[in-house]
>>> print(open('input.txt').read())   # compact mmCIF, N, CA and C atoms
# COMPACT_ATOMS: atom_id res chain seq x y z
N MET A 1 9.25 4.38 3.20
CA MET A 1 8.75 4.27 4.56
C MET A 1 7.25 4.03 4.54
N LEU A 2 6.80 3.34 5.53
CA LEU A 2 5.37 3.14 5.69
C LEU A 2 4.75 4.41 6.26
N PRO A 3 3.51 4.69 5.91
CA PRO A 3 2.91 5.97 6.27
C PRO A 3 2.36 6.05 7.69
N PHE A 4 3.20 5.76 8.67
CA PHE A 4 2.77 5.90 10.06
C PHE A 4 2.82 7.36 10.46
N ALA A 5 1.84 7.77 11.25
CA ALA A 5 1.83 9.14 11.78
C ALA A 5 2.98 9.31 12.76
N VAL A 6 3.45 10.53 12.89
CA VAL A 6 4.53 10.83 13.83
C VAL A 6 3.97 10.72 15.25
N PRO A 7 4.53 9.83 16.06
CA PRO A 7 3.97 9.60 17.39
C PRO A 7 4.05 10.81 18.33
N THR A 8 4.93 11.76 18.03
CA THR A 8 5.04 12.95 18.88
C THR A 8 4.09 14.06 18.46
N ASP A 9 3.38 13.88 17.35
CA ASP A 9 2.36 14.86 16.95
C ASP A 9 1.34 14.94 18.09
N PRO A 10 0.96 16.15 18.51
CA PRO A 10 0.06 16.28 19.67
C PRO A 10 -1.26 15.53 19.52
N VAL A 11 -1.86 15.54 18.34
CA VAL A 11 -3.13 14.84 18.15
C VAL A 11 -2.92 13.33 18.24
N VAL A 12 -1.88 12.84 17.58
CA VAL A 12 -1.57 11.41 17.62
C VAL A 12 -1.25 10.99 19.06
N ALA A 13 -0.43 11.77 19.74
CA ALA A 13 -0.06 11.45 21.12
C ALA A 13 -1.29 11.41 22.04
N ALA A 14 -2.22 12.36 21.86
CA ALA A 14 -3.42 12.40 22.69
C ALA A 14 -4.30 11.18 22.43
N ARG A 15 -4.48 10.83 21.17
CA ARG A 15 -5.29 9.66 20.84
C ARG A 15 -4.65 8.38 21.37
N ALA A 16 -3.33 8.28 21.21
CA ALA A 16 -2.61 7.11 21.70
C ALA A 16 -2.74 7.00 23.22
N ALA A 17 -2.60 8.13 23.91
CA ALA A 17 -2.71 8.13 25.38
C ALA A 17 -4.10 7.68 25.82
N GLN A 18 -5.12 8.14 25.12
CA GLN A 18 -6.49 7.75 25.47
C GLN A 18 -6.69 6.25 25.31
N ILE A 19 -6.16 5.69 24.25
CA ILE A 19 -6.27 4.24 24.03
C ILE A 19 -5.51 3.48 25.10
N GLU A 20 -4.29 3.92 25.39
CA GLU A 20 -3.46 3.26 26.40
C GLU A 20 -4.10 3.33 27.78
N GLU A 21 -4.68 4.48 28.11
CA GLU A 21 -5.35 4.63 29.41
C GLU A 21 -6.53 3.70 29.54
N GLY A 22 -7.15 3.38 28.43
CA GLY A 22 -8.28 2.45 28.43
C GLY A 22 -7.85 0.99 28.38
N GLY A 23 -6.55 0.75 28.45
CA GLY A 23 -6.03 -0.62 28.46
C GLY A 23 -5.76 -1.18 27.07
N GLY A 24 -5.86 -0.34 26.05
CA GLY A 24 -5.63 -0.81 24.69
C GLY A 24 -4.19 -0.65 24.24
N ASN A 25 -3.96 -1.06 23.02
CA ASN A 25 -2.65 -0.96 22.39
C ASN A 25 -2.78 0.08 21.28
N SER A 26 -2.23 1.27 21.51
CA SER A 26 -2.41 2.36 20.56
C SER A 26 -1.79 2.08 19.20
N PHE A 27 -0.71 1.31 19.16
CA PHE A 27 -0.09 1.00 17.88
C PHE A 27 -1.04 0.15 17.03
N VAL A 28 -1.56 -0.91 17.65
CA VAL A 28 -2.44 -1.83 16.93
C VAL A 28 -3.80 -1.20 16.64
N GLN A 29 -4.32 -0.44 17.60
CA GLN A 29 -5.67 0.09 17.46
C GLN A 29 -5.74 1.44 16.75
N TYR A 30 -4.65 2.18 16.70
CA TYR A 30 -4.69 3.49 16.06
C TYR A 30 -3.67 3.64 14.94
N SER A 31 -2.41 3.38 15.23
CA SER A 31 -1.35 3.64 14.25
C SER A 31 -1.45 2.77 13.01
N VAL A 32 -1.64 1.46 13.20
CA VAL A 32 -1.72 0.56 12.05
C VAL A 32 -2.95 0.85 11.19
N PRO A 33 -4.16 0.98 11.77
CA PRO A 33 -5.31 1.31 10.92
C PRO A 33 -5.15 2.65 10.18
N ALA A 34 -4.58 3.65 10.85
CA ALA A 34 -4.38 4.95 10.18
C ALA A 34 -3.39 4.82 9.03
N ALA A 35 -2.33 4.05 9.22
CA ALA A 35 -1.35 3.83 8.15
C ALA A 35 -1.99 3.06 6.99
N ALA A 36 -2.85 2.10 7.31
CA ALA A 36 -3.53 1.33 6.26
C ALA A 36 -4.40 2.24 5.39
N ILE A 37 -5.10 3.16 6.02
CA ILE A 37 -5.94 4.10 5.27
C ILE A 37 -5.08 4.98 4.37
N THR A 38 -4.00 5.50 4.90
CA THR A 38 -3.11 6.38 4.12
C THR A 38 -2.51 5.62 2.94
N LEU A 39 -2.08 4.39 3.17
CA LEU A 39 -1.50 3.57 2.11
C LEU A 39 -2.54 3.28 1.02
N LYS A 40 -3.74 2.93 1.44
CA LYS A 40 -4.81 2.65 0.48
C LYS A 40 -5.15 3.90 -0.34
N GLN A 41 -5.17 5.05 0.30
CA GLN A 41 -5.43 6.30 -0.43
C GLN A 41 -4.34 6.58 -1.45
N GLY A 42 -3.09 6.28 -1.10
CA GLY A 42 -1.98 6.47 -2.04
C GLY A 42 -2.13 5.62 -3.28
N VAL A 43 -2.50 4.35 -3.09
CA VAL A 43 -2.72 3.46 -4.24
C VAL A 43 -3.92 3.96 -5.03
N GLY A 44 -4.94 4.45 -4.34
CA GLY A 44 -6.12 4.97 -5.02
C GLY A 44 -5.83 6.18 -5.88
N ARG A 45 -4.82 6.93 -5.54
CA ARG A 45 -4.44 8.08 -6.36
C ARG A 45 -3.80 7.63 -7.68
N LEU A 46 -3.23 6.45 -7.68
CA LEU A 46 -2.64 5.91 -8.90
C LEU A 46 -3.72 5.34 -9.82
N VAL A 47 -4.68 4.66 -9.24
CA VAL A 47 -5.71 4.00 -10.03
C VAL A 47 -7.04 4.67 -9.76
N ARG A 48 -7.46 5.50 -10.70
CA ARG A 48 -8.73 6.20 -10.54
C ARG A 48 -9.80 5.70 -11.50
N THR A 49 -9.39 5.17 -12.66
CA THR A 49 -10.35 4.66 -13.64
C THR A 49 -9.87 3.30 -14.13
N GLN A 50 -10.71 2.63 -14.91
CA GLN A 50 -10.35 1.33 -15.48
C GLN A 50 -9.15 1.42 -16.42
N ARG A 51 -8.89 2.61 -16.97
CA ARG A 51 -7.77 2.78 -17.91
C ARG A 51 -6.46 3.06 -17.20
N ASP A 52 -6.50 3.39 -15.93
CA ASP A 52 -5.28 3.75 -15.21
C ASP A 52 -4.44 2.53 -14.89
N GLY A 53 -3.16 2.74 -14.78
CA GLY A 53 -2.26 1.66 -14.42
C GLY A 53 -0.96 2.22 -13.89
N GLY A 54 -0.17 1.37 -13.30
CA GLY A 54 1.11 1.80 -12.78
C GLY A 54 1.69 0.78 -11.84
N ILE A 55 2.79 1.16 -11.24
CA ILE A 55 3.49 0.29 -10.30
C ILE A 55 3.69 1.06 -9.00
N VAL A 56 3.30 0.46 -7.91
CA VAL A 56 3.50 1.04 -6.58
C VAL A 56 4.59 0.22 -5.91
N ALA A 57 5.65 0.87 -5.51
CA ALA A 57 6.75 0.18 -4.83
C ALA A 57 6.76 0.59 -3.37
N ILE A 58 6.66 -0.38 -2.50
CA ILE A 58 6.78 -0.13 -1.07
C ILE A 58 8.14 -0.70 -0.68
N LEU A 59 9.07 0.18 -0.42
CA LEU A 59 10.45 -0.23 -0.22
C LEU A 59 10.82 -0.48 1.24
N ASP A 60 9.83 -0.45 2.09
CA ASP A 60 10.05 -0.67 3.52
C ASP A 60 9.84 -2.15 3.82
N ARG A 61 10.89 -2.84 4.24
CA ARG A 61 10.84 -4.28 4.49
C ARG A 61 9.81 -4.68 5.53
N ARG A 62 9.43 -3.75 6.39
CA ARG A 62 8.48 -4.09 7.45
C ARG A 62 7.16 -4.57 6.89
N ILE A 63 6.86 -4.22 5.64
CA ILE A 63 5.60 -4.65 5.02
C ILE A 63 5.55 -6.18 4.91
N VAL A 64 6.71 -6.84 4.87
CA VAL A 64 6.76 -8.30 4.79
C VAL A 64 7.41 -8.96 5.99
N THR A 65 8.03 -8.18 6.87
CA THR A 65 8.72 -8.79 8.00
C THR A 65 8.02 -8.61 9.34
N ARG A 66 7.07 -7.73 9.41
CA ARG A 66 6.36 -7.46 10.67
C ARG A 66 4.92 -7.95 10.57
N PRO A 67 4.36 -8.40 11.67
CA PRO A 67 2.97 -8.88 11.64
C PRO A 67 1.98 -7.83 11.12
N TYR A 68 2.20 -6.57 11.43
CA TYR A 68 1.27 -5.54 10.98
C TYR A 68 1.34 -5.33 9.48
N GLY A 69 2.39 -5.82 8.84
CA GLY A 69 2.49 -5.72 7.38
C GLY A 69 1.34 -6.44 6.69
N ARG A 70 0.90 -7.57 7.26
CA ARG A 70 -0.23 -8.30 6.67
C ARG A 70 -1.50 -7.45 6.70
N VAL A 71 -1.67 -6.68 7.79
CA VAL A 71 -2.84 -5.80 7.89
C VAL A 71 -2.76 -4.73 6.81
N LEU A 72 -1.58 -4.16 6.62
CA LEU A 72 -1.42 -3.12 5.61
C LEU A 72 -1.68 -3.67 4.21
N ILE A 73 -1.14 -4.84 3.92
CA ILE A 73 -1.35 -5.46 2.61
C ILE A 73 -2.82 -5.77 2.39
N ALA A 74 -3.48 -6.29 3.42
CA ALA A 74 -4.89 -6.65 3.31
C ALA A 74 -5.77 -5.43 3.04
N SER A 75 -5.30 -4.24 3.40
CA SER A 75 -6.10 -3.04 3.19
C SER A 75 -6.06 -2.55 1.74
N LEU A 76 -5.14 -3.08 0.97
CA LEU A 76 -4.97 -2.64 -0.41
C LEU A 76 -5.92 -3.36 -1.36
N PRO A 77 -6.17 -2.78 -2.52
CA PRO A 77 -7.05 -3.45 -3.49
C PRO A 77 -6.41 -4.74 -3.98
N PRO A 78 -7.22 -5.64 -4.56
CA PRO A 78 -6.67 -6.88 -5.09
C PRO A 78 -5.50 -6.59 -6.04
N ALA A 79 -4.45 -7.40 -5.94
CA ALA A 79 -3.25 -7.11 -6.71
C ALA A 79 -2.49 -8.37 -7.05
N ARG A 80 -1.74 -8.27 -8.10
CA ARG A 80 -0.78 -9.31 -8.45
C ARG A 80 0.46 -9.03 -7.61
N ARG A 81 0.93 -10.00 -6.89
CA ARG A 81 2.10 -9.80 -6.02
C ARG A 81 3.35 -10.28 -6.73
N LEU A 82 4.30 -9.39 -6.88
CA LEU A 82 5.55 -9.70 -7.56
C LEU A 82 6.68 -9.73 -6.54
N THR A 83 7.67 -10.57 -6.79
CA THR A 83 8.76 -10.70 -5.82
C THR A 83 10.14 -10.45 -6.39
N THR A 84 10.23 -10.25 -7.71
CA THR A 84 11.55 -10.01 -8.30
C THR A 84 11.47 -8.83 -9.27
N LEU A 85 12.61 -8.24 -9.52
CA LEU A 85 12.67 -7.15 -10.47
C LEU A 85 12.32 -7.63 -11.88
N ASP A 86 12.68 -8.86 -12.22
CA ASP A 86 12.31 -9.41 -13.53
C ASP A 86 10.80 -9.49 -13.68
N GLN A 87 10.09 -9.85 -12.61
CA GLN A 87 8.63 -9.88 -12.66
C GLN A 87 8.07 -8.48 -12.87
N VAL A 88 8.68 -7.50 -12.22
CA VAL A 88 8.22 -6.11 -12.38
C VAL A 88 8.43 -5.67 -13.83
N ARG A 89 9.60 -5.98 -14.38
CA ARG A 89 9.87 -5.63 -15.78
C ARG A 89 8.85 -6.27 -16.72
N ALA A 90 8.57 -7.55 -16.49
CA ALA A 90 7.61 -8.25 -17.34
C ALA A 90 6.22 -7.64 -17.20
N PHE A 91 5.84 -7.29 -16.00
CA PHE A 91 4.54 -6.65 -15.80
C PHE A 91 4.51 -5.31 -16.52
N TRP A 92 5.59 -4.55 -16.42
CA TRP A 92 5.62 -3.24 -17.08
C TRP A 92 5.51 -3.40 -18.60
N GLU A 93 6.21 -4.38 -19.15
CA GLU A 93 6.12 -4.62 -20.59
C GLU A 93 4.70 -4.99 -21.00
N GLU A 94 4.02 -5.73 -20.14
CA GLU A 94 2.62 -6.10 -20.40
C GLU A 94 1.70 -4.89 -20.23
N LEU A 95 2.00 -4.05 -19.27
CA LEU A 95 1.15 -2.91 -18.93
C LEU A 95 1.33 -1.72 -19.85
N ALA A 96 2.55 -1.41 -20.22
CA ALA A 96 2.86 -0.18 -20.96
C ALA A 96 2.01 0.02 -22.21
N PRO A 97 1.83 -0.97 -23.07
CA PRO A 97 1.02 -0.73 -24.28
C PRO A 97 -0.43 -0.34 -23.97
N THR A 98 -0.98 -0.83 -22.88
CA THR A 98 -2.38 -0.52 -22.56
C THR A 98 -2.52 0.89 -22.03
N LEU A 99 -1.46 1.48 -21.54
CA LEU A 99 -1.54 2.82 -20.98
C LEU A 99 -1.68 3.89 -22.05
N VAL A 100 -1.27 3.58 -23.28
CA VAL A 100 -1.36 4.58 -24.34
C VAL A 100 -2.63 4.43 -25.18
N ARG A 101 -3.37 3.36 -24.98
CA ARG A 101 -4.62 3.16 -25.71
C ARG A 101 -5.74 3.94 -25.04
N SER A 102 -6.72 4.29 -25.81
CA SER A 102 -7.83 5.08 -25.27
C SER A 102 -8.94 4.20 -24.72
N ARG A 103 -8.92 2.92 -24.99
CA ARG A 103 -9.99 2.04 -24.52
C ARG A 103 -9.55 1.31 -23.25
N PRO A 104 -10.45 1.12 -22.30
CA PRO A 104 -10.10 0.43 -21.07
C PRO A 104 -9.79 -1.04 -21.31
N HIS A 105 -8.86 -1.55 -20.55
CA HIS A 105 -8.48 -2.96 -20.65
C HIS A 105 -8.67 -3.68 -19.32
N GLY A 106 -9.50 -3.18 -18.45
CA GLY A 106 -9.65 -3.80 -17.14
C GLY A 106 -8.49 -3.41 -16.25
N ARG A 107 -8.66 -3.62 -15.00
CA ARG A 107 -7.66 -3.20 -14.03
C ARG A 107 -6.90 -4.40 -13.52
N SER A 108 -5.61 -4.24 -13.37
CA SER A 108 -4.76 -5.28 -12.82
C SER A 108 -3.81 -4.62 -11.84
N VAL A 109 -3.63 -5.24 -10.70
CA VAL A 109 -2.76 -4.67 -9.68
C VAL A 109 -1.79 -5.74 -9.25
N ALA A 110 -0.54 -5.37 -9.03
CA ALA A 110 0.46 -6.32 -8.54
C ALA A 110 1.30 -5.66 -7.46
N PHE A 111 1.61 -6.41 -6.42
CA PHE A 111 2.43 -5.91 -5.32
C PHE A 111 3.66 -6.78 -5.18
N VAL A 112 4.79 -6.15 -4.92
CA VAL A 112 6.06 -6.86 -4.84
C VAL A 112 6.81 -6.55 -3.56
N PRO A 113 7.13 -7.54 -2.75
CA PRO A 113 8.04 -7.32 -1.63
C PRO A 113 9.49 -7.45 -2.09
N ARG A 114 10.40 -6.91 -1.35
CA ARG A 114 11.85 -6.96 -1.61
C ARG A 114 12.26 -6.27 -2.88
N PRO A 115 12.13 -5.10 -3.21
CA PRO A 115 11.19 -4.17 -2.58
C PRO A 115 9.77 -4.54 -2.95
N TRP A 116 8.87 -4.15 -2.12
CA TRP A 116 7.45 -4.41 -2.35
C TRP A 116 6.98 -3.45 -3.42
N VAL A 117 6.48 -3.95 -4.52
CA VAL A 117 6.02 -3.10 -5.62
C VAL A 117 4.60 -3.49 -5.97
N ALA A 118 3.76 -2.53 -6.10
CA ALA A 118 2.40 -2.82 -6.56
C ALA A 118 2.27 -2.27 -7.96
N SER A 119 1.92 -3.12 -8.87
CA SER A 119 1.69 -2.64 -10.22
C SER A 119 0.20 -2.72 -10.46
N VAL A 120 -0.31 -1.68 -11.02
CA VAL A 120 -1.75 -1.53 -11.14
C VAL A 120 -2.13 -1.26 -12.58
N ARG A 121 -3.08 -2.00 -13.09
CA ARG A 121 -3.60 -1.74 -14.42
C ARG A 121 -5.07 -2.03 -14.42
>>> encode(input="input.txt", output="C-alpha cells")
Amino acid sequence: MLPFAVPTDPVVAARAAQIEEGGGNSFVQYSVPAAAITLKQGVGRLVRTQRDGGIVAILDRRIVTRPYGRVLIASLPPARRLTTLDQVRAFWEELAPTLVRSRPHGRSVAFVPRPWVASVR
C-alpha cells in the first residue's frame, strides 16, 4: 500500500478541512505530498551510505496507474526502473556481491512497477 495518512485521523481531517474550506484540494495539496515524504523516508532507511544497497518493492498499482503516482515516483532518489521479475533477479545478482565487500561501490537505485520495485546500491 502507498503510505497515505488515514483520512479519518483527527489531525489529517482537520488539515484537510482547512484546505477544502480555502477552496483547495486536500488530496493533492496535503495527502499526496505527505505520502511522498513518507515514501522517500522509507527508501532513505534502506540506503544510508554509499555501501548500502537493496530492493524496494512498491506493490500498489496506483504508483503507475494514477496521476499522483508520478509525483510519488518523482520524490524518490534517482533509480534504475525495472519492469520484470527477471530484471529484478539480474539486478540482485549484480548487487549481491557488492553488499558483502567492505569498500563502497557507488550507489545504484532501481524501481520496478508491476510490482514496482526499487533496487538500491
>>> atom_distance(input="input.txt", atom1="CA of Arg80 (chain A)", atom2="CA of Leu59 (chain A)")
16.6 Å
>>> closest_residue(input="input.txt", among="A:Thr8, A:Pro3, A:Ala17, A:Arg70", to="Thr38 (chain A)", atoms="all atoms listed in the file")
A:Pro3
>>> atom_distance(input="input.txt", atom1="atom C of Ala96 (chain A)", atom2="atom N of Gln41 (chain A)")
24.2 Å
>>> atom_distance(input="input.txt", atom1="atom N of Arg48 (chain A)", atom2="atom N of Ala5 (chain A)")
23.9 Å
>>> closest_residue(input="input.txt", among="A:Glu21, A:Arg15, A:Gly54, A:Leu72", to="Glu93 (chain A)", atoms="only C-alpha atoms")
A:Gly54
>>> closest_residue(input="input.txt", among="A:Val12, A:Val88, A:Leu82, A:Leu2", to="Leu39 (chain A)", atoms="only N, CA and C atoms")
A:Leu2
>>> select_by_dssp(input="input.txt", residues="region 3-118 of chain A", states="helix (DSSP H, G or I)", output="ChimeraX atom specification")
/A:10-21,26-46,62-65,67-74,85-99
>>> residues_near_point(input="input.txt", point="(-0.9, -4.7, 9.3)", cutoff="12 Å", atoms="only C-alpha atoms", output="ChimeraX atom specification")
/A:2-4,27-37,39,62-76
>>> closest_residue(input="input.txt", among="A:Asp52, A:Arg45, A:Pro77, A:Asp60", to="Leu95 (chain A)", atoms="only C-alpha atoms")
A:Asp52
>>> decode(input="input.txt", residues="region 44-73 of chain A", atoms="N, CA and C atoms", output="PDB file, in the first residue's frame")
ATOM      1  N   GLY A  44      15.025   6.039   2.152  1.00  0.00           N
ATOM      2  CA  GLY A  44      16.210   6.538   2.837  1.00  0.00           C
ATOM      3  C   GLY A  44      16.671   5.637   3.966  1.00  0.00           C
ATOM      4  N   ARG A  45      15.762   4.901   4.546  1.00  0.00           N
ATOM      5  CA  ARG A  45      16.147   3.963   5.607  1.00  0.00           C
ATOM      6  C   ARG A  45      16.901   2.764   5.030  1.00  0.00           C
ATOM      7  N   LEU A  46      16.665   2.472   3.774  1.00  0.00           N
ATOM      8  CA  LEU A  46      17.378   1.373   3.114  1.00  0.00           C
ATOM      9  C   LEU A  46      18.782   1.809   2.709  1.00  0.00           C
ATOM     10  N   VAL A  47      18.897   3.014   2.205  1.00  0.00           N
ATOM     11  CA  VAL A  47      20.168   3.500   1.690  1.00  0.00           C
ATOM     12  C   VAL A  47      20.656   4.638   2.572  1.00  0.00           C
ATOM     13  N   ARG A  48      21.601   4.323   3.437  1.00  0.00           N
ATOM     14  CA  ARG A  48      22.138   5.345   4.336  1.00  0.00           C
ATOM     15  C   ARG A  48      23.562   5.743   3.987  1.00  0.00           C
ATOM     16  N   THR A  49      24.322   4.828   3.372  1.00  0.00           N
ATOM     17  CA  THR A  49      25.712   5.120   2.999  1.00  0.00           C
ATOM     18  C   THR A  49      25.944   4.650   1.573  1.00  0.00           C
ATOM     19  N   GLN A  50      27.101   4.985   1.023  1.00  0.00           N
ATOM     20  CA  GLN A  50      27.457   4.559  -0.328  1.00  0.00           C
ATOM     21  C   GLN A  50      27.556   3.038  -0.447  1.00  0.00           C
ATOM     22  N   ARG A  51      27.777   2.341   0.664  1.00  0.00           N
ATOM     23  CA  ARG A  51      27.905   0.880   0.638  1.00  0.00           C
ATOM     24  C   ARG A  51      26.562   0.176   0.722  1.00  0.00           C
ATOM     25  N   ASP A  52      25.520   0.881   1.082  1.00  0.00           N
ATOM     26  CA  ASP A  52      24.213   0.255   1.266  1.00  0.00           C
ATOM     27  C   ASP A  52      23.565  -0.071  -0.070  1.00  0.00           C
ATOM     28  N   GLY A  53      22.737  -1.074  -0.065  1.00  0.00           N
ATOM     29  CA  GLY A  53      22.016  -1.453  -1.259  1.00  0.00           C
ATOM     30  C   GLY A  53      20.807  -2.280  -0.909  1.00  0.00           C
ATOM     31  N   GLY A  54      19.938  -2.471  -1.857  1.00  0.00           N
ATOM     32  CA  GLY A  54      18.759  -3.273  -1.625  1.00  0.00           C
ATOM     33  C   GLY A  54      17.723  -3.066  -2.704  1.00  0.00           C
ATOM     34  N   ILE A  55      16.585  -3.670  -2.489  1.00  0.00           N
ATOM     35  CA  ILE A  55      15.479  -3.577  -3.434  1.00  0.00           C
ATOM     36  C   ILE A  55      14.249  -3.117  -2.677  1.00  0.00           C
ATOM     37  N   VAL A  56      13.611  -2.094  -3.183  1.00  0.00           N
ATOM     38  CA  VAL A  56      12.359  -1.589  -2.613  1.00  0.00           C
ATOM     39  C   VAL A  56      11.251  -1.968  -3.573  1.00  0.00           C
ATOM     40  N   ALA A  57      10.284  -2.701  -3.094  1.00  0.00           N
ATOM     41  CA  ALA A  57       9.148  -3.109  -3.936  1.00  0.00           C
ATOM     42  C   ALA A  57       7.919  -2.346  -3.498  1.00  0.00           C
ATOM     43  N   ILE A  58       7.325  -1.634  -4.421  1.00  0.00           N
ATOM     44  CA  ILE A  58       6.060  -0.954  -4.163  1.00  0.00           C
ATOM     45  C   ILE A  58       5.016  -1.754  -4.930  1.00  0.00           C
ATOM     46  N   LEU A  59       4.215  -2.486  -4.204  1.00  0.00           N
ATOM     47  CA  LEU A  59       3.298  -3.441  -4.822  1.00  0.00           C
ATOM     48  C   LEU A  59       1.908  -2.869  -5.095  1.00  0.00           C
ATOM     49  N   ASP A  60       1.757  -1.593  -4.890  1.00  0.00           N
ATOM     50  CA  ASP A  60       0.475  -0.929  -5.109  1.00  0.00           C
ATOM     51  C   ASP A  60       0.453  -0.372  -6.528  1.00  0.00           C
ATOM     52  N   ARG A  61      -0.431  -0.889  -7.361  1.00  0.00           N
ATOM     53  CA  ARG A  61      -0.507  -0.499  -8.772  1.00  0.00           C
ATOM     54  C   ARG A  61      -0.757   0.987  -8.975  1.00  0.00           C
ATOM     55  N   ARG A  62      -1.319   1.645  -7.983  1.00  0.00           N
ATOM     56  CA  ARG A  62      -1.634   3.063  -8.145  1.00  0.00           C
ATOM     57  C   ARG A  62      -0.386   3.889  -8.418  1.00  0.00           C
ATOM     58  N   ILE A  63       0.783   3.375  -8.057  1.00  0.00           N
ATOM     59  CA  ILE A  63       2.030   4.101  -8.297  1.00  0.00           C
ATOM     60  C   ILE A  63       2.259   4.301  -9.799  1.00  0.00           C
ATOM     61  N   VAL A  64       1.680   3.431 -10.631  1.00  0.00           N
ATOM     62  CA  VAL A  64       1.834   3.557 -12.082  1.00  0.00           C
ATOM     63  C   VAL A  64       0.521   3.809 -12.812  1.00  0.00           C
ATOM     64  N   THR A  65      -0.610   3.684 -12.118  1.00  0.00           N
ATOM     65  CA  THR A  65      -1.890   3.857 -12.808  1.00  0.00           C
ATOM     66  C   THR A  65      -2.602   5.161 -12.487  1.00  0.00           C
ATOM     67  N   ARG A  66      -2.195   5.842 -11.464  1.00  0.00           N
ATOM     68  CA  ARG A  66      -2.847   7.093 -11.055  1.00  0.00           C
ATOM     69  C   ARG A  66      -1.920   8.274 -11.310  1.00  0.00           C
ATOM     70  N   PRO A  67      -2.483   9.421 -11.645  1.00  0.00           N
ATOM     71  CA  PRO A  67      -1.634  10.598 -11.892  1.00  0.00           C
ATOM     72  C   PRO A  67      -0.732  10.956 -10.716  1.00  0.00           C
ATOM     73  N   TYR A  68      -1.201  10.772  -9.499  1.00  0.00           N
ATOM     74  CA  TYR A  68      -0.376  11.126  -8.349  1.00  0.00           C
ATOM     75  C   TYR A  68       0.805  10.180  -8.180  1.00  0.00           C
ATOM     76  N   GLY A  69       0.779   9.037  -8.847  1.00  0.00           N
ATOM     77  CA  GLY A  69       1.912   8.117  -8.803  1.00  0.00           C
ATOM     78  C   GLY A  69       3.180   8.759  -9.339  1.00  0.00           C
ATOM     79  N   ARG A  70       3.043   9.604 -10.378  1.00  0.00           N
ATOM     80  CA  ARG A  70       4.214  10.299 -10.930  1.00  0.00           C
ATOM     81  C   ARG A  70       4.841  11.221  -9.890  1.00  0.00           C
ATOM     82  N   VAL A  71       3.990  11.863  -9.081  1.00  0.00           N
ATOM     83  CA  VAL A  71       4.501  12.738  -8.022  1.00  0.00           C
ATOM     84  C   VAL A  71       5.274  11.913  -6.997  1.00  0.00           C
ATOM     85  N   LEU A  72       4.724  10.767  -6.632  1.00  0.00           N
ATOM     86  CA  LEU A  72       5.389   9.912  -5.649  1.00  0.00           C
ATOM     87  C   LEU A  72       6.729   9.408  -6.184  1.00  0.00           C
ATOM     88  N   ILE A  73       6.745   8.977  -7.432  1.00  0.00           N
ATOM     89  CA  ILE A  73       7.980   8.489  -8.040  1.00  0.00           C
ATOM     90  C   ILE A  73       9.013   9.605  -8.122  1.00  0.00           C
TER      91      ILE A  73
END
